[in-house]
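Worksheet: one structure, shown below.
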Amino acid sequence: MSPDSCLPPKSGSYPSDCEILAGYRAMAADQSAAPVRSDAWQAALGKAKGIKILLLDVDGVLTDGSLIFSHEGQESKVFNTQDGFGLRLLREAGMELGVITARSSEAVAQRCANLKMRYVYQGVESKLTAYQEIVNQSGCKPFELAYMGDDWMDLVLLTRVGFSVAPANAVAEVRQAAHYTTEKSGGKGAVRELCNLILEAKGRYQELLQSYMNR
C-alpha cells in the first residue's frame, strides 16, 4: 500500500488521520489547479504582462457607484475586501497602485492609505493632468500603465494606457474602448478579477496562491 493511501474505514467509525490528511491534499490540489479562463482573458494577457502601475477610478470601480450620505452630510463608501486583497497581491508582485477620481472623500483617503497606494489623486478636474504627472514621476512609459474606469470621463485615460479595463457595469462607450471588460461589476470583485489577470500574465498567480496555501 502506498504511503498516500488509507485503509478502508470501519463501518460507523470516524475518519482516520490518514483520511483527513488525504482530504486536505485533495482540497489543495483542487485549489491550485488552473481555473478555466475565457477567450477575452487569454487575449488580454499579452497587454497585461508588462504593466508596472495599476491606476483605478473609484466610484463604479472600487465601489458599486452608490453614494451614501448621513443626516449630517457625511459621505461613506463600501469597498470590497477581495478587491483589497487582490491589490495587496499586486504589491507583493512588485507593482505600484493609484487612484484618480473627480470626487474627494476621507473614506477613499483611508482606503488608499490602508492599501499603501503610491499615487492618490482626488478631486481632480483633469484626469489627464494627473495621469501625466504619474508618468513623469514614475519614469514609466504609457504602455507600462493600466487603468480601469467606468464612465465617459475615464475615456481620456483608457485610450492612452497600455492596458485599459472596464468593469461589467461600465457604460457602453467605455466597454467598447477598453482592451478588457471584467465579468464582475465595480465594487463586486471587478478589481480582484483584474488583479488576478495581471498576476497570471506575469506568471505570479500560482506562485502567490501556493505561498498562501502554505502559510
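We name chains A, B, ... following the order of the C-alpha cells; residues begin at 1 in each chain, and ligands are numbered from 1 as shown.
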Assign secondary structure with DSSP using the backbone only, and return the residues of stretch 107-146 of chain A in helix (DSSP H, G or I) as a PDB file with C-alpha atoms, in the first residue's frame.
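The file below, result23.pdb, is the result:
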ATOM      1  CA  ALA A 107     -13.113  57.228   3.183  1.00  0.00           C
ATOM      2  CA  VAL A 108     -11.168  56.948  -0.072  1.00  0.00           C
ATOM      3  CA  ALA A 109      -8.107  58.540   1.522  1.00  0.00           C
ATOM      4  CA  GLN A 110      -8.207  55.979   4.336  1.00  0.00           C
ATOM      5  CA  ARG A 111      -8.732  53.081   1.928  1.00  0.00           C
ATOM      6  CA  CYS A 112      -5.790  54.177  -0.219  1.00  0.00           C
ATOM      7  CA  ALA A 113      -3.600  54.516   2.869  1.00  0.00           C
ATOM      8  CA  ASN A 114      -4.581  51.030   4.033  1.00  0.00           C
ATOM      9  CA  LYS A 127      -7.643  63.130 -15.074  1.00  0.00           C
ATOM     10  CA  LEU A 128      -5.223  63.546 -17.943  1.00  0.00           C
ATOM     11  CA  THR A 129      -3.123  66.030 -15.980  1.00  0.00           C
ATOM     12  CA  ALA A 130      -2.933  63.639 -13.026  1.00  0.00           C
ATOM     13  CA  TYR A 131      -2.008  60.786 -15.358  1.00  0.00           C
ATOM     14  CA  GLN A 132       0.774  62.805 -16.986  1.00  0.00           C
ATOM     15  CA  GLU A 133       2.180  63.666 -13.550  1.00  0.00           C
ATOM     16  CA  ILE A 134       2.267  59.979 -12.645  1.00  0.00           C
ATOM     17  CA  VAL A 135       4.039  59.112 -15.897  1.00  0.00           C
ATOM     18  CA  ASN A 136       6.630  61.807 -15.251  1.00  0.00           C
ATOM     19  CA  GLN A 137       7.151  60.875 -11.584  1.00  0.00           C
ATOM     20  CA  SER A 138       7.385  57.144 -12.183  1.00  0.00           C
ATOM     21  CA  PRO A 142       2.407  54.778 -21.092  1.00  0.00           C
ATOM     22  CA  PHE A 143       2.336  51.133 -22.222  1.00  0.00           C
ATOM     23  CA  GLU A 144       3.512  50.140 -18.729  1.00  0.00           C
TER      24      GLU A 144
END
>> Which residues are close to A:Leu56, i.e. within 7 Å by only C-alpha atoms, leaving aside same-chain residues fewer than 3 positions away? Reply as a PyMOL selection string.
In response: chain A and resi 98-100+147-149
> Skipping near chain neighbours, those fewer than 2 positions away, what residues fall within 12 Å of stretch 33-50 of chain A using only C-alpha atoms, listed as a PyMOL selection string?
Replying inline: chain A and resi 26-31+52-54+94-95+140-147+161-165+178-183+193-207+209-210
>> Give me, as an NGL selection string, all polymer residues having an atom no more than 6 Å from stretch 76-88 of chain A, counting only C-alpha atoms and skipping those fewer than 4 positions away in the same chain.
In response: :A and (63 or 68 or 187 or 189 or 191-192 or 195)
Write a file of the selected residues as a tab-separated table (two decimals), in the first residue's frame, keeping N, CA and C atoms.
chain	number	residue	atom	x	y	z
A	63	THR	N	-15.93	50.85	-5.94
A	63	THR	CA	-17.24	50.75	-5.30
A	63	THR	C	-18.27	50.42	-6.38
A	68	ILE	N	-23.43	57.24	-0.39
A	68	ILE	CA	-24.16	57.11	0.86
A	68	ILE	C	-23.84	58.32	1.73
A	187	GLY	N	-16.99	47.24	-7.44
A	187	GLY	CA	-17.37	47.02	-6.05
A	187	GLY	C	-17.81	45.61	-5.75
A	189	GLY	N	-16.03	42.76	-7.10
A	189	GLY	CA	-14.98	41.83	-7.49
A	189	GLY	C	-14.31	42.14	-8.81
A	191	VAL	N	-12.19	44.54	-9.58
A	191	VAL	CA	-10.77	44.85	-9.38
A	191	VAL	C	-9.99	43.58	-9.07
A	192	ARG	N	-10.56	42.69	-8.28
A	192	ARG	CA	-9.88	41.43	-7.98
A	192	ARG	C	-9.68	40.61	-9.26
A	195	CYS	N	-6.79	42.10	-11.00
A	195	CYS	CA	-5.55	41.75	-10.30
A	195	CYS	C	-5.12	40.33	-10.65
Counting only C-alpha atoms, what is within 12 Å of A:Glu75, bar same-chain residues fewer than 3 positions away, as a PDB file with N, CA and C atoms, in the first residue's frame?
ATOM      1  N   SER A  66     -22.572  53.614  -5.710  1.00  0.00           N
ATOM      2  CA  SER A  66     -23.547  54.218  -4.802  1.00  0.00           C
ATOM      3  C   SER A  66     -22.880  55.294  -3.949  1.00  0.00           C
ATOM      4  N   LEU A  67     -23.615  56.374  -3.689  1.00  0.00           N
ATOM      5  CA  LEU A  67     -23.152  57.428  -2.794  1.00  0.00           C
ATOM      6  C   LEU A  67     -24.034  57.424  -1.551  1.00  0.00           C
ATOM      7  N   ILE A  68     -23.430  57.239  -0.389  1.00  0.00           N
ATOM      8  CA  ILE A  68     -24.163  57.115   0.861  1.00  0.00           C
ATOM      9  C   ILE A  68     -23.842  58.316   1.733  1.00  0.00           C
ATOM     10  N   PHE A  69     -24.895  59.063   2.157  1.00  0.00           N
ATOM     11  CA  PHE A  69     -24.704  60.247   2.974  1.00  0.00           C
ATOM     12  C   PHE A  69     -25.467  60.098   4.292  1.00  0.00           C
ATOM     13  N   SER A  70     -24.842  60.530   5.374  1.00  0.00           N
ATOM     14  CA  SER A  70     -25.509  60.555   6.670  1.00  0.00           C
ATOM     15  C   SER A  70     -26.402  61.793   6.738  1.00  0.00           C
ATOM     16  N   HIS A  71     -27.179  61.905   7.832  1.00  0.00           N
ATOM     17  CA  HIS A  71     -28.034  63.082   8.000  1.00  0.00           C
ATOM     18  C   HIS A  71     -27.199  64.351   8.095  1.00  0.00           C
ATOM     19  N   GLU A  72     -25.958  64.220   8.540  1.00  0.00           N
ATOM     20  CA  GLU A  72     -25.075  65.374   8.666  1.00  0.00           C
ATOM     21  C   GLU A  72     -24.349  65.685   7.365  1.00  0.00           C
ATOM     22  N   VAL A  78     -18.613  51.886   0.392  1.00  0.00           N
ATOM     23  CA  VAL A  78     -18.467  50.466   0.694  1.00  0.00           C
ATOM     24  C   VAL A  78     -17.444  49.872  -0.267  1.00  0.00           C
ATOM     25  N   ARG A 103     -14.027  62.976  -7.469  1.00  0.00           N
ATOM     26  CA  ARG A 103     -14.618  63.268  -6.171  1.00  0.00           C
ATOM     27  C   ARG A 103     -13.560  63.193  -5.078  1.00  0.00           C
ATOM     28  N   SER A 104     -13.874  63.800  -3.939  1.00  0.00           N
ATOM     29  CA  SER A 104     -12.983  63.751  -2.775  1.00  0.00           C
ATOM     30  C   SER A 104     -13.724  63.124  -1.609  1.00  0.00           C
ATOM     31  N   SER A 105     -13.056  62.233  -0.888  1.00  0.00           N
ATOM     32  CA  SER A 105     -13.688  61.533   0.226  1.00  0.00           C
ATOM     33  C   SER A 105     -12.622  61.092   1.215  1.00  0.00           C
ATOM     34  N   GLU A 106     -12.889  61.305   2.488  1.00  0.00           N
ATOM     35  CA  GLU A 106     -11.974  60.829   3.520  1.00  0.00           C
ATOM     36  C   GLU A 106     -11.943  59.307   3.547  1.00  0.00           C
ATOM     37  N   ALA A 107     -13.072  58.685   3.229  1.00  0.00           N
ATOM     38  CA  ALA A 107     -13.113  57.228   3.183  1.00  0.00           C
ATOM     39  C   ALA A 107     -12.156  56.685   2.131  1.00  0.00           C
ATOM     40  N   VAL A 108     -12.089  57.363   0.990  1.00  0.00           N
ATOM     41  CA  VAL A 108     -11.168  56.948  -0.072  1.00  0.00           C
ATOM     42  C   VAL A 108      -9.722  57.144   0.372  1.00  0.00           C
TER      43      VAL A 108
END
